[in-house]
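All remarks here apply to the structure that follows.
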4 protein chains.
Amino acid sequence: MCRWLAYSGSPVLLSDLLFAPENSLVVQSLHSRLGVEAVNGDGFGVGWYGAQEEPGIYHSTEPAWSDRNLRELAGHASAGRVFAHIRATTGTPVQQTNCHPFRHGRWLWMHNGAIAGFSSVKRDLTLAVEPALFPLIEGSTDSELFFFLALTYGLEQDPPAAVARAVGLIEETGRKHGVPLPIQMTVATTNGETTWAFRYSSEGRSRSLFHNADVRTLRLQHPDNVTLQHVSDDARIVVSEPLGSLEGAWREVPESSCLVIEGGREQLHPFAPVPGAAPAGSAAAAL
Amino acid sequence: MCRWLAYSGSPVLLSDLLFAPENSLVVQSLHSRLGVEAVNGDGFGVGWYGAQEEPGIYHSTEPAWSDRNLRELAGHASAGRVFAHIRATTGTPVQQTNCHPFRHGRWLWMHNGAIAGFSSVKRDLTLAVEPALFPLIEGSTDSELFFFLALTYGLEQDPPAAVARAVGLIEETGRKHGVPLPIQMTVATTNGETTWAFRYSSEGRSRSLFHNADVRTLRLQHPDNVTLQHVSDDARIVVSEPLGSLEGAWREVPESSCLVIEGGREQLHPFAPVPGAAPAGSAAAAL
Amino acid sequence: MCRWLAYSGSPVLLSDLLFAPENSLVVQSLHSRLGVEAVNGDGFGVGWYGAQEEPGIYHSTEPAWSDRNLRELAGHASAGRVFAHIRATTGTPVQQTNCHPFRHGRWLWMHNGAIAGFSSVKRDLTLAVEPALFPLIEGSTDSELFFFLALTYGLEQDPPAAVARAVGLIEETGRKHGVPLPIQMTVATTNGETTWAFRYSSEGRSRSLFHNADVRTLRLQHPDNVTLQHVSDDARIVVSEPLGSLEGAWREVPESSCLVIEGGREQLHPFAPVPGAAPAGSAAAAL
Amino acid sequence: MCRWLAYSGSPVLLSDLLFAPENSLVVQSLHSRLGVEAVNGDGFGVGWYGAQEEPGIYHSTEPAWSDRNLRELAGHASAGRVFAHIRATTGTPVQQTNCHPFRHGRWLWMHNGAIAGFSSVKRDLTLAVEPALFPLIEGSTDSELFFFLALTYGLEQDPPAAVARAVGLIEETGRKHGVPLPIQMTVATTNGETTWAFRYSSEGRSRSLFHNADVRTLRLQHPDNVTLQHVSDDARIVVSEPLGSLEGAWREVPESSCLVIEGGREQLHPFAPVPGAAPAGSAAAAL
């Protein structure tokens with residue numbers, strides 16, 4: 001299992017996001033409070049949107065807490081949209097190509113959770129990936145394959161629909177192979193402008209997910225809090241567990257929902273898998 | 001492209017194989033004489049048969065010339081059958097799961113060369129892998145996929161036939177995708193008792209491959225050579241390029257052939273791909 | 001802080017020591033029960049005496065729990081004397097040259113604890129190292145410098161006396177620089193035949209240290225325990241925390257003592273620093 | 001031996017400096033034309049001045065040619081002052097703390113060459129480092145120790161004088177230990193505003209060093225060259241070997257000289273060591 005953070009708002013120094021908070025992601029890498037595993041030391045990744053069309057990515061197999069290059073990078077790069085992820089592997093190797101966030105063009109993707117019984121369903125799911133996308137898979141994780149399934153189903157056109165179909169296929173395939181609860185997930189994806197965050201699991205008891213309350217309201221409630229004076233009104237953080245203990249600051253994302261964040265506004269939609277949707281033209285359509 | 005070495009004979013200290021020779025594999029990692037690339041600094045691997053049923057494997061992403069753990073391991077482990085490989089990537093990431101030799105049960109496999117146009121044929125070849133073997137693929141190289149195709153075609157029962165069919169499928173698939181010269185290869189595989197070494201390429205101009213001449217004959221020719229006094233009569237080394245410049249010591253393995261080494265005896269057979277052999281029961285059979 | 005293990009007895013497969021026990025050192029790397037830090041993920045090291053005069057050393061900066069090469073090496077190497085160490089850094093970089101055990105000729109050394117106020121005393125202590133030994137220091141830790149001080153004071157001739165003098169100098173130097181409690185330590189050192197284990201701290205509340213009870217007695221107490229049937233009579237393990245929960249199996253090494261293990265016999269001696277002993281001929285003698 | 005590059009001018013994307021040129025530093029890491037070693041695969045480092053007071057540093061032990069994070073960082077970070085270095089070790093370990101450039105406050109330092117007989121002179125030179133600076137030495141190279149000697153002699157106040165005294169001490173110390181030619185060096189150092197580049201060796205045959213000719217003149221000479229249209233007038237690159245083959249573009253820095261670059265202007269001064277200058281207050285003063 002893993003922990004992740006998705007930020008959007010005015011440009012911030014990465015270290016203010018990743019190192020400064022009381023319960024920052026780097027702190028969580030050594031002592032997660034809410035994670036299934038206390039330690040998330042099997043790799044780290046951060047993606048940030050800078051001057052280029054495509055986001056930059058830094059992937060490291062060292063634990064986040066001892067990675068000096070991460071500290072340097074985070075101390076010198078600023079961005080208005082940042083994805084960061086600490087990994088606790090469920091079995092696949094610790095290597096850069098298995099670190100989140102994964103990237104495709106302008107898109108980033110990260111995942112906490114697992115596709116259950118992965119070795120038994122991996123082949124069927126791999127066959128369902130659009131053939132033109134197939135050779136772009138670089139690592140061996142369930143999370144990256146999930147990303148490529150979502151891309152196959154049209155992530156770049158309609159993210160909630162594409163993720164719903166990908167999850168539908170994963171559940172269908174899992175059950176066909178005798179896996180009772182095929183998926184456990186919180187997922188974040190972005191094109192650099194809008195962020196979509198999903199919380200769902202086959203068993204209906206998903207990994208924790210939070211987002212911050214409205215910054216203007218928080219400032220009124222905590223007029224003495226210095227940090228809040230520096231945060232922009234439209235700052236939005238979605239995160240596996242709260243970064244601090246400020247009262248009223250963190251709201252749980254409900255079960256089976258999709259949170260959409262764009263331009264400082266957020267919308268919450270129900271999320272449910274769409275079954276029976278083998279992608280047209282894929283080998284899986286004929287399985 | 002890469003360089004490799006396969007040893008069989010009386011047990012030797014790994015460092016006597018990997019570090020001691022004038023043009024040892026570690027020397028070749030920095031200055032290969034006959035390789036397509038002079039530098040083979042994209043990872044290293046060694047497999048050795050010790051006290052266990054399965055061979056041990058050490059895979060490293062550091063260049064062999066500066067890897068301290070390799071020097072320690074090689075200075076303390078002895079084995080009567082050793083595979084070693086230095087890598088110069090043709091594009092796939094430098095990570096442990098992409099280092100040779102690859103292992104399956106008691107079997108080891110290593111490859112110098114490439115499957116041409118790999119990104120265009122990768123999906124078809126992946127589909128041809130026996131479904132039960134599919135989830136065991138760990139890395140992203142053409143070489144490991146080639147190994148799993150050979151396993152699919154019965155490597156463990158009849159290595160020359162299995163490799164001939166795997167190469168047949170690779171050539172057929174490549175040509176279907178417009179790749180004129182689909183494969184370039186020297187390959188070694190072993191079950192810990194017999195070693196099979198293949199030299200072949202679609203163009204008929206394959207990467208170099210050598211084996212040592214009979215040790216007893218060499219001793220007569222070079223009565224003053226100290227090293228030869230210590231080598232067992234049945235010692236056999238197959239290698240991408242000679243480890244030294246002793247006259248008469250190295251013989252080229254001919255084009256399109258398979259060298260079989262067992263119990264200090266070697267046999268040379270012609271090698272030719274067997275086309276038209278989609279594995280029964282695989283999805284590729286229906287392509 | 002760190003955790004370590006020192007084994008002597010009949011040759012065992014390293015994996016039986018490092019991976020098999022219920023609370024093995026690899027388990028402790030992720031979830032130490034008694035350590036100051038629960039996680040010891042800042043590097044790993046193992047030293048073993050094999051066929052060579054000098055022990056072999058494997059040093060890794062990856063957490064022990066995810067290091068595949070360690071698993072391979074441990075599954076294929078056997079030794080009758082093994083030192084192993086998991087590291088949680090107190091500030092110095094995570095790099096191979098900072099991993100324990102440290103080696104000098106046939107000698108190994110590992111340490112749990114710290115020299116307090118290290119940056120303020122490091123120069124004086126470095127000057128005290130025998131000039132001929134000075135260029136052999138490779139890393140930047142307090143633990144390696146402590147080893148070289150012990151070597152300077154004659155570790156190879158009389159280990160308890162040399163360690164007592166090194167600790168005396170460390171305490172004296174610390175106090176001169178205003179450090180109230182200059183050292184915290186459990187240390188193990190061996191020449192491949194005898195093992196010396198020390199437990200001491202300036203404050204008299206030292207890190208935990210245990211050794212196993214007599215194997216023959218344990219067998220009588222637990223006639224059904226399978227593991228005990230396979231362990232040789234003279235097997236001795238000294239370890240930062242018990243490897244399992246078998247009643248009566250583990251005895252605490254008392255405060256301020258030195259345990260000497262040789263040929264399956266152990267002797268316990270009181271340990272106290274010897275102050276005022278700047279090494280003759282060193283620059284520190286004139287400080 | 002190594003290769004390095006120092007840039008100053010209008011802000012450029014790091015990848016335009018490190019990857020784009022025909023004979024870029026990353027190309028040189030695999031195939032240096034003028035280096036003592038063709039391969040510089042023992043680590044990489046880049047320092048750049050961004051939004052913070054202190055420069056950022058990225059140090060990697062992977063060969064530059066296969067480091068994916070370097071490619072990402074270089075594709076997203078821009079700076080008006082950049083130091084970059086590829087390493088071919090002369091014996092000290094491949095680890096991040098041995099990668100150049102080294103940093104102290106706002107200062108960067110990198111070195112190609114070696115202090116000859118380093119193990120015999122290391123202790124005396126270490127003693128000469130200002131005690132307050134001593135604990136800040138992190139690695140084990142001659143190059144970093146040279147930096148700390150220069151800092152001891154006042155690098156931050158008067159770089160040419162400080163380097164002259166440091167080289168004087170190195171030569172004096174070397175000769176005292178019977179080293180006939182104690183130093184070989186090209187060095188670059190900067191405070192983020194001015195760059196000083198030194199070329200010197202005890203034997204008077206120093207490693208190669210070049211700087212680019214005036215950009216305005218080059219534009220007149222090569223009106224069709226697209227690259228030159230994009231380079232700012234004040235761009236200055238000092239580099240171990242030319243980055244391309246444009247006629248007239250590269251001028252050799254003469255033997256025994258110091259090139260000072262500030263605000264697009266360069267000045268060339270003769271450089272000679274200043275002997276007999278043990279730093280006041282250091283232990284070396286009493287040696």
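Just so we're on the same page: first chain in the structure tokens is A, next is B, and so on; residues restart at 1 for each chain, and ligands are numbered from 1 in the order they show up.
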Hey, which bits of stretch 136-230 of chain C sit within 10 Å of stretch 43-54 of chain C, and for each residue what's the closest pair of atoms and how far apart in Å (one decimal), counting only C-alpha atoms, rows by chain and increasing number, as a tab-separated table?
```
residue	atom	partner	partner_atom	distance
C:Asn191	CA	C:Glu54	CA	9.3
C:Gly192	CA	C:Tyr49	CA	6.6
C:Glu193	CA	C:Tyr49	CA	9.6
```
Compute the set of chain A residues within 8 Å of chain D, using only C-alpha atoms, and express it as a PDB file with all heavy atoms, in the first residue's frame.
```
ATOM      1  N   GLY A  50       5.949  22.361 -14.880  1.00  0.00           N
ATOM      2  CA  GLY A  50       6.809  23.525 -14.906  1.00  0.00           C
ATOM      3  C   GLY A  50       6.664  24.272 -16.217  1.00  0.00           C
ATOM      4  O   GLY A  50       5.563  24.504 -16.707  1.00  0.00           O
ATOM      5  N   ALA A  51       7.806  24.626 -16.784  1.00  0.00           N
ATOM      6  CA  ALA A  51       7.797  25.457 -17.991  1.00  0.00           C
ATOM      7  C   ALA A  51       7.436  24.649 -19.244  1.00  0.00           C
ATOM      8  O   ALA A  51       7.051  25.212 -20.255  1.00  0.00           O
ATOM      9  CB  ALA A  51       9.182  26.093 -18.158  1.00  0.00           C
ATOM     10  N   GLN A  52       7.575  23.330 -19.174  1.00  0.00           N
ATOM     11  CA  GLN A  52       7.347  22.517 -20.367  1.00  0.00           C
ATOM     12  C   GLN A  52       5.889  22.085 -20.496  1.00  0.00           C
ATOM     13  O   GLN A  52       5.129  22.136 -19.550  1.00  0.00           O
ATOM     14  CB  GLN A  52       8.220  21.249 -20.312  1.00  0.00           C
ATOM     15  CG  GLN A  52       9.662  21.498 -19.980  1.00  0.00           C
ATOM     16  CD  GLN A  52      10.319  22.439 -20.956  1.00  0.00           C
ATOM     17  OE1 GLN A  52      10.193  22.264 -22.159  1.00  0.00           O
ATOM     18  NE2 GLN A  52      10.970  23.476 -20.449  1.00  0.00           N
ATOM     19  N   GLY A  56       7.393  17.297 -15.346  1.00  0.00           N
ATOM     20  CA  GLY A  56       8.631  16.632 -14.978  1.00  0.00           C
ATOM     21  C   GLY A  56       8.331  15.523 -13.987  1.00  0.00           C
ATOM     22  O   GLY A  56       7.326  15.562 -13.272  1.00  0.00           O
ATOM     23  N   ILE A  57       9.201  14.501 -13.983  1.00  0.00           N
ATOM     24  CA  ILE A  57       9.007  13.401 -13.044  1.00  0.00           C
ATOM     25  C   ILE A  57      10.342  13.063 -12.395  1.00  0.00           C
ATOM     26  O   ILE A  57      11.370  12.995 -13.060  1.00  0.00           O
ATOM     27  CB  ILE A  57       8.456  12.150 -13.776  1.00  0.00           C
ATOM     28  CG1 ILE A  57       6.965  12.323 -14.019  1.00  0.00           C
ATOM     29  CG2 ILE A  57       8.720  10.900 -12.962  1.00  0.00           C
ATOM     30  CD1 ILE A  57       6.280  11.057 -14.480  1.00  0.00           C
ATOM     31  N   TYR A  58      10.303  12.859 -11.086  1.00  0.00           N
ATOM     32  CA  TYR A  58      11.469  12.367 -10.364  1.00  0.00           C
ATOM     33  C   TYR A  58      11.053  11.083  -9.671  1.00  0.00           C
ATOM     34  O   TYR A  58      10.122  11.072  -8.863  1.00  0.00           O
ATOM     35  CB  TYR A  58      11.937  13.408  -9.336  1.00  0.00           C
ATOM     36  CG  TYR A  58      13.071  12.922  -8.469  1.00  0.00           C
ATOM     37  CD1 TYR A  58      14.367  12.921  -8.950  1.00  0.00           C
ATOM     38  CD2 TYR A  58      12.830  12.464  -7.181  1.00  0.00           C
ATOM     39  CE1 TYR A  58      15.416  12.470  -8.151  1.00  0.00           C
ATOM     40  CE2 TYR A  58      13.867  12.013  -6.384  1.00  0.00           C
ATOM     41  CZ  TYR A  58      15.158  12.015  -6.871  1.00  0.00           C
ATOM     42  OH  TYR A  58      16.190  11.556  -6.093  1.00  0.00           O
ATOM     43  N   HIS A  59      11.710   9.988 -10.012  1.00  0.00           N
ATOM     44  CA  HIS A  59      11.408   8.669  -9.447  1.00  0.00           C
ATOM     45  C   HIS A  59      12.625   8.160  -8.717  1.00  0.00           C
ATOM     46  O   HIS A  59      13.715   8.138  -9.280  1.00  0.00           O
ATOM     47  CB  HIS A  59      11.063   7.678 -10.571  1.00  0.00           C
ATOM     48  CG  HIS A  59       9.671   7.779 -11.090  1.00  0.00           C
ATOM     49  ND1 HIS A  59       9.273   7.182 -12.258  1.00  0.00           N
ATOM     50  CD2 HIS A  59       8.568   8.384 -10.591  1.00  0.00           C
ATOM     51  CE1 HIS A  59       7.981   7.423 -12.456  1.00  0.00           C
ATOM     52  NE2 HIS A  59       7.541   8.155 -11.468  1.00  0.00           N
ATOM     53  N   ASN A  69      18.797  13.947  -3.124  1.00  0.00           N
ATOM     54  CA  ASN A  69      18.436  14.634  -4.354  1.00  0.00           C
ATOM     55  C   ASN A  69      16.995  15.145  -4.300  1.00  0.00           C
ATOM     56  O   ASN A  69      16.684  16.208  -4.827  1.00  0.00           O
ATOM     57  CB  ASN A  69      18.616  13.704  -5.561  1.00  0.00           C
ATOM     58  CG  ASN A  69      20.086  13.544  -5.916  1.00  0.00           C
ATOM     59  OD1 ASN A  69      20.864  14.490  -5.814  1.00  0.00           O
ATOM     60  ND2 ASN A  69      20.462  12.337  -6.318  1.00  0.00           N
ATOM     61  N   GLU A  72      17.016  18.390  -2.486  1.00  0.00           N
ATOM     62  CA  GLU A  72      17.533  19.473  -3.337  1.00  0.00           C
ATOM     63  C   GLU A  72      16.506  19.904  -4.369  1.00  0.00           C
ATOM     64  O   GLU A  72      16.229  21.084  -4.544  1.00  0.00           O
ATOM     65  CB  GLU A  72      18.807  19.002  -4.065  1.00  0.00           C
ATOM     66  CG  GLU A  72      19.994  18.762  -3.160  1.00  0.00           C
ATOM     67  CD  GLU A  72      20.557  20.059  -2.604  1.00  0.00           C
ATOM     68  OE1 GLU A  72      20.622  21.053  -3.351  1.00  0.00           O
ATOM     69  OE2 GLU A  72      20.926  20.067  -1.409  1.00  0.00           O
ATOM     70  N   LEU A  73      15.963  18.930  -5.074  1.00  0.00           N
ATOM     71  CA  LEU A  73      14.964  19.224  -6.097  1.00  0.00           C
ATOM     72  C   LEU A  73      13.796  19.969  -5.476  1.00  0.00           C
ATOM     73  O   LEU A  73      13.338  21.000  -5.994  1.00  0.00           O
ATOM     74  CB  LEU A  73      14.489  17.908  -6.725  1.00  0.00           C
ATOM     75  CG  LEU A  73      13.299  18.019  -7.663  1.00  0.00           C
ATOM     76  CD1 LEU A  73      13.673  18.809  -8.906  1.00  0.00           C
ATOM     77  CD2 LEU A  73      12.794  16.633  -8.049  1.00  0.00           C
ATOM     78  N   GLY A  75      13.682  21.720  -2.891  1.00  0.00           N
ATOM     79  CA  GLY A  75      14.069  23.040  -2.409  1.00  0.00           C
ATOM     80  C   GLY A  75      14.255  24.057  -3.524  1.00  0.00           C
ATOM     81  O   GLY A  75      14.453  25.244  -3.261  1.00  0.00           O
ATOM     82  N   HIS A  76      14.200  23.612  -4.784  1.00  0.00           N
ATOM     83  CA  HIS A  76      14.459  24.535  -5.884  1.00  0.00           C
ATOM     84  C   HIS A  76      13.392  24.560  -6.962  1.00  0.00           C
ATOM     85  O   HIS A  76      13.445  25.410  -7.853  1.00  0.00           O
ATOM     86  CB  HIS A  76      15.824  24.223  -6.519  1.00  0.00           C
ATOM     87  CG  HIS A  76      16.950  24.698  -5.665  1.00  0.00           C
ATOM     88  ND1 HIS A  76      17.426  23.956  -4.607  1.00  0.00           N
ATOM     89  CD2 HIS A  76      17.675  25.863  -5.657  1.00  0.00           C
ATOM     90  CE1 HIS A  76      18.397  24.629  -4.009  1.00  0.00           C
ATOM     91  NE2 HIS A  76      18.574  25.771  -4.626  1.00  0.00           N
ATOM     92  N   ALA A  77      12.437  23.630  -6.934  1.00  0.00           N
ATOM     93  CA  ALA A  77      11.403  23.617  -7.966  1.00  0.00           C
ATOM     94  C   ALA A  77      10.080  24.077  -7.383  1.00  0.00           C
ATOM     95  O   ALA A  77       9.688  23.656  -6.293  1.00  0.00           O
ATOM     96  CB  ALA A  77      11.271  22.217  -8.553  1.00  0.00           C
TER      97      ALA A  77
END
```
Checklist entry - Any idea what's packed within 6 Å of C:Gly9, counting only C-alpha atoms, ignoring anything in its chain fewer than 6 positions away? Could you give it as number ranges by chain? => result C: 80, 234-235
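For the choices B:Asn212, B:Ser240, B:Thr126, B:Thr186, the atom-to-atom distance to B:Leu228 is smallest for B:Asn212 when using only C-alpha atoms.
Of all the residues in stretch 19-113 of chain D, the ones DSSP labels as helix (DSSP H, G or I) from the backbone are Leu25, Val26, Val27, Gln28, Ser29, Leu30, His31, Ala64, Trp65, Ser66, Arg68, Asn69, Leu70, Arg71, Glu72, Leu73, Ala74, Gly75, His76, Gln96, Thr97 and Asn98 of chain D.
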Checklist entry - What lies within 12 Å of A:Lys176 using only C-alpha atoms, ignoring chain neighbours under 5 positions off, as a PyMOL selection string? => result chain A and resi 117+120-121+124-125+169-171+181-182+287
Just-selected residues, N, CA, C and O atoms written as a PDB file, in the first residue's frame:
```pdb
ATOM      1  N   GLY A 117      -5.172 -10.505  -6.383  1.00  0.00           N
ATOM      2  CA  GLY A 117      -4.883 -11.660  -7.239  1.00  0.00           C
ATOM      3  C   GLY A 117      -4.215 -11.262  -8.531  1.00  0.00           C
ATOM      4  O   GLY A 117      -4.485 -11.840  -9.593  1.00  0.00           O
ATOM      5  N   SER A 120      -2.861 -13.631 -11.226  1.00  0.00           N
ATOM      6  CA  SER A 120      -3.825 -14.453 -11.977  1.00  0.00           C
ATOM      7  C   SER A 120      -4.612 -13.647 -13.016  1.00  0.00           C
ATOM      8  O   SER A 120      -5.088 -14.200 -14.004  1.00  0.00           O
ATOM      9  N   VAL A 121      -4.736 -12.348 -12.811  1.00  0.00           N
ATOM     10  CA  VAL A 121      -5.513 -11.542 -13.781  1.00  0.00           C
ATOM     11  C   VAL A 121      -4.632 -10.703 -14.697  1.00  0.00           C
ATOM     12  O   VAL A 121      -5.122 -10.098 -15.657  1.00  0.00           O
ATOM     13  N   ASP A 124      -4.894 -11.276 -18.681  1.00  0.00           N
ATOM     14  CA  ASP A 124      -6.141 -10.813 -19.296  1.00  0.00           C
ATOM     15  C   ASP A 124      -6.207  -9.286 -19.347  1.00  0.00           C
ATOM     16  O   ASP A 124      -6.615  -8.704 -20.357  1.00  0.00           O
ATOM     17  N   LEU A 125      -5.784  -8.653 -18.271  1.00  0.00           N
ATOM     18  CA  LEU A 125      -5.836  -7.188 -18.241  1.00  0.00           C
ATOM     19  C   LEU A 125      -4.834  -6.583 -19.217  1.00  0.00           C
ATOM     20  O   LEU A 125      -5.106  -5.579 -19.871  1.00  0.00           O
ATOM     21  N   LEU A 169     -13.870  -3.549 -15.748  1.00  0.00           N
ATOM     22  CA  LEU A 169     -13.136  -4.677 -16.333  1.00  0.00           C
ATOM     23  C   LEU A 169     -12.311  -5.404 -15.280  1.00  0.00           C
ATOM     24  O   LEU A 169     -12.254  -6.635 -15.260  1.00  0.00           O
ATOM     25  N   ILE A 170     -11.677  -4.651 -14.394  1.00  0.00           N
ATOM     26  CA  ILE A 170     -10.854  -5.268 -13.350  1.00  0.00           C
ATOM     27  C   ILE A 170     -11.720  -6.143 -12.438  1.00  0.00           C
ATOM     28  O   ILE A 170     -11.348  -7.270 -12.097  1.00  0.00           O
ATOM     29  N   GLU A 171     -12.895  -5.644 -12.078  1.00  0.00           N
ATOM     30  CA  GLU A 171     -13.759  -6.440 -11.194  1.00  0.00           C
ATOM     31  C   GLU A 171     -14.277  -7.681 -11.920  1.00  0.00           C
ATOM     32  O   GLU A 171     -14.292  -8.782 -11.370  1.00  0.00           O
ATOM     33  N   LEU A 181     -12.832  -9.941  -4.035  1.00  0.00           N
ATOM     34  CA  LEU A 181     -12.821  -8.469  -3.904  1.00  0.00           C
ATOM     35  C   LEU A 181     -11.694  -7.940  -4.776  1.00  0.00           C
ATOM     36  O   LEU A 181     -10.582  -7.719  -4.312  1.00  0.00           O
ATOM     37  N   PRO A 182     -11.959  -7.707  -6.044  1.00  0.00           N
ATOM     38  CA  PRO A 182     -10.868  -7.506  -7.017  1.00  0.00           C
ATOM     39  C   PRO A 182     -10.086  -6.204  -6.890  1.00  0.00           C
ATOM     40  O   PRO A 182      -8.938  -6.146  -7.327  1.00  0.00           O
ATOM     41  N   LEU A 287     -12.320 -12.416 -25.703  1.00  0.00           N
ATOM     42  CA  LEU A 287     -11.994 -13.452 -24.698  1.00  0.00           C
ATOM     43  C   LEU A 287     -13.236 -14.221 -24.255  1.00  0.00           C
ATOM     44  O   LEU A 287     -14.244 -13.630 -23.932  1.00  0.00           O
TER      45      LEU A 287
END
```
Next on the checklist: Which residues are near stretch 205-210 of chain A? Cut-off 7 Å, only C-alpha atoms, ignore same chain within fewer than 5 positions. Put them as a list in words.
Outcome noted: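 Within the cut-off, the hits are Gln184, Met185, Thr186, Arg199, Tyr200, Val238, Val239, Ser240, Glu241, Pro242, Trp250, Arg251, Glu252, Val253 and Glu255 of chain A.
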Selection to disk with C-alpha atoms, as a PDB file, in the first residue's frame:
```pdb
ATOM      1  CA  GLN A 184      -8.913  -1.508  -3.567  1.00  0.00           C
ATOM      2  CA  MET A 185      -8.118   2.031  -4.665  1.00  0.00           C
ATOM      3  CA  THR A 186      -7.650   5.670  -4.174  1.00  0.00           C
ATOM      4  CA  ARG A 199     -12.039   6.518  -3.729  1.00  0.00           C
ATOM      5  CA  TYR A 200     -13.469   3.072  -4.255  1.00  0.00           C
ATOM      6  CA  VAL A 238      -6.065  15.781  -1.778  1.00  0.00           C
ATOM      7  CA  VAL A 239      -4.114  13.383   0.372  1.00  0.00           C
ATOM      8  CA  SER A 240      -4.188   9.839   1.811  1.00  0.00           C
ATOM      9  CA  GLU A 241      -4.020  11.178   5.328  1.00  0.00           C
ATOM     10  CA  PRO A 242      -4.113  14.680   6.858  1.00  0.00           C
ATOM     11  CA  TRP A 250      -9.435  18.155   6.602  1.00  0.00           C
ATOM     12  CA  ARG A 251     -12.574  16.532   5.210  1.00  0.00           C
ATOM     13  CA  GLU A 252     -12.883  12.896   4.294  1.00  0.00           C
ATOM     14  CA  VAL A 253     -13.682  12.084   0.675  1.00  0.00           C
ATOM     15  CA  GLU A 255     -16.689   6.080  -0.219  1.00  0.00           C
TER      16      GLU A 255
END
```
Checklist entry - If you measure from atom CA of A:Lys122 to atom CA of A:Pro135, what distance in Å do you get, rounded to one decimal? => result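 These two atoms are separated by 15.4 Å.
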Checklist entry - When DSSP works through the backbone of this structure, what residues of stretch 98-249 of chain B end up as strand (DSSP E), shown as number ranges by chain? => result B: 102-104, 107-115, 183-190, 194-201, 210-212, 236-239
Item to check | One-decimal distance in Å that lies between atom CA of C:Asn23 and atom CA of C:Val226 | outcome: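 Here the two named atoms are 17.0 Å from each other.
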Item to check | Within 9 Å of A:Pro180 using only C-alpha atoms, minus same-chain residues under 4 positions, as JSON, numbers by chain | outcome: {"A": [116, 171, 174, 175, 202, 203]}
For the residues in the current selection, export N, CA, C and O atoms as a PDB file, in the first residue's frame.
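Written file, out33.pdb:
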```
ATOM      1  N   ALA A 116      -6.345  -7.099  -6.576  1.00  0.00           N
ATOM      2  CA  ALA A 116      -6.176  -8.367  -5.853  1.00  0.00           C
ATOM      3  C   ALA A 116      -5.938  -9.516  -6.833  1.00  0.00           C
ATOM      4  O   ALA A 116      -6.432  -9.500  -7.965  1.00  0.00           O
ATOM      5  N   GLU A 171     -12.895  -5.644 -12.078  1.00  0.00           N
ATOM      6  CA  GLU A 171     -13.759  -6.440 -11.194  1.00  0.00           C
ATOM      7  C   GLU A 171     -14.277  -7.681 -11.920  1.00  0.00           C
ATOM      8  O   GLU A 171     -14.292  -8.782 -11.370  1.00  0.00           O
ATOM      9  N   GLY A 174     -11.389 -10.123 -12.327  1.00  0.00           N
ATOM     10  CA  GLY A 174     -11.065 -10.724 -11.038  1.00  0.00           C
ATOM     11  C   GLY A 174     -12.075 -11.807 -10.681  1.00  0.00           C
ATOM     12  O   GLY A 174     -11.696 -12.933 -10.328  1.00  0.00           O
ATOM     13  N   ARG A 175     -13.341 -11.481 -10.800  1.00  0.00           N
ATOM     14  CA  ARG A 175     -14.369 -12.474 -10.404  1.00  0.00           C
ATOM     15  C   ARG A 175     -14.298 -13.711 -11.275  1.00  0.00           C
ATOM     16  O   ARG A 175     -14.482 -14.831 -10.796  1.00  0.00           O
ATOM     17  N   SER A 202     -13.904  -2.759  -3.938  1.00  0.00           N
ATOM     18  CA  SER A 202     -14.935  -3.777  -4.146  1.00  0.00           C
ATOM     19  C   SER A 202     -15.666  -4.101  -2.850  1.00  0.00           C
ATOM     20  O   SER A 202     -16.852  -4.421  -2.847  1.00  0.00           O
ATOM     21  N   GLU A 203     -14.937  -4.000  -1.738  1.00  0.00           N
ATOM     22  CA  GLU A 203     -15.560  -4.349  -0.460  1.00  0.00           C
ATOM     23  C   GLU A 203     -16.276  -3.177   0.182  1.00  0.00           C
ATOM     24  O   GLU A 203     -16.924  -3.324   1.225  1.00  0.00           O
TER      25      GLU A 203
END
```
Checklist entry - Looking at only C-alpha atoms, which of A:Ser8, A:Thr227, A:Thr189, A:Ser201 is the one that sits closest to A:Leu108? => result A:Thr189
Next on the checklist: When you look at A:Arg87 with a cut-off of 9 Å (counting only C-alpha atoms), what residues show up, excluding the ones that are within fewer than 6 positions of it in the same chain? I need them as a ChimeraX atom specification.
Outcome noted: /A:1-4,29,39-45,63,94,99-100,112
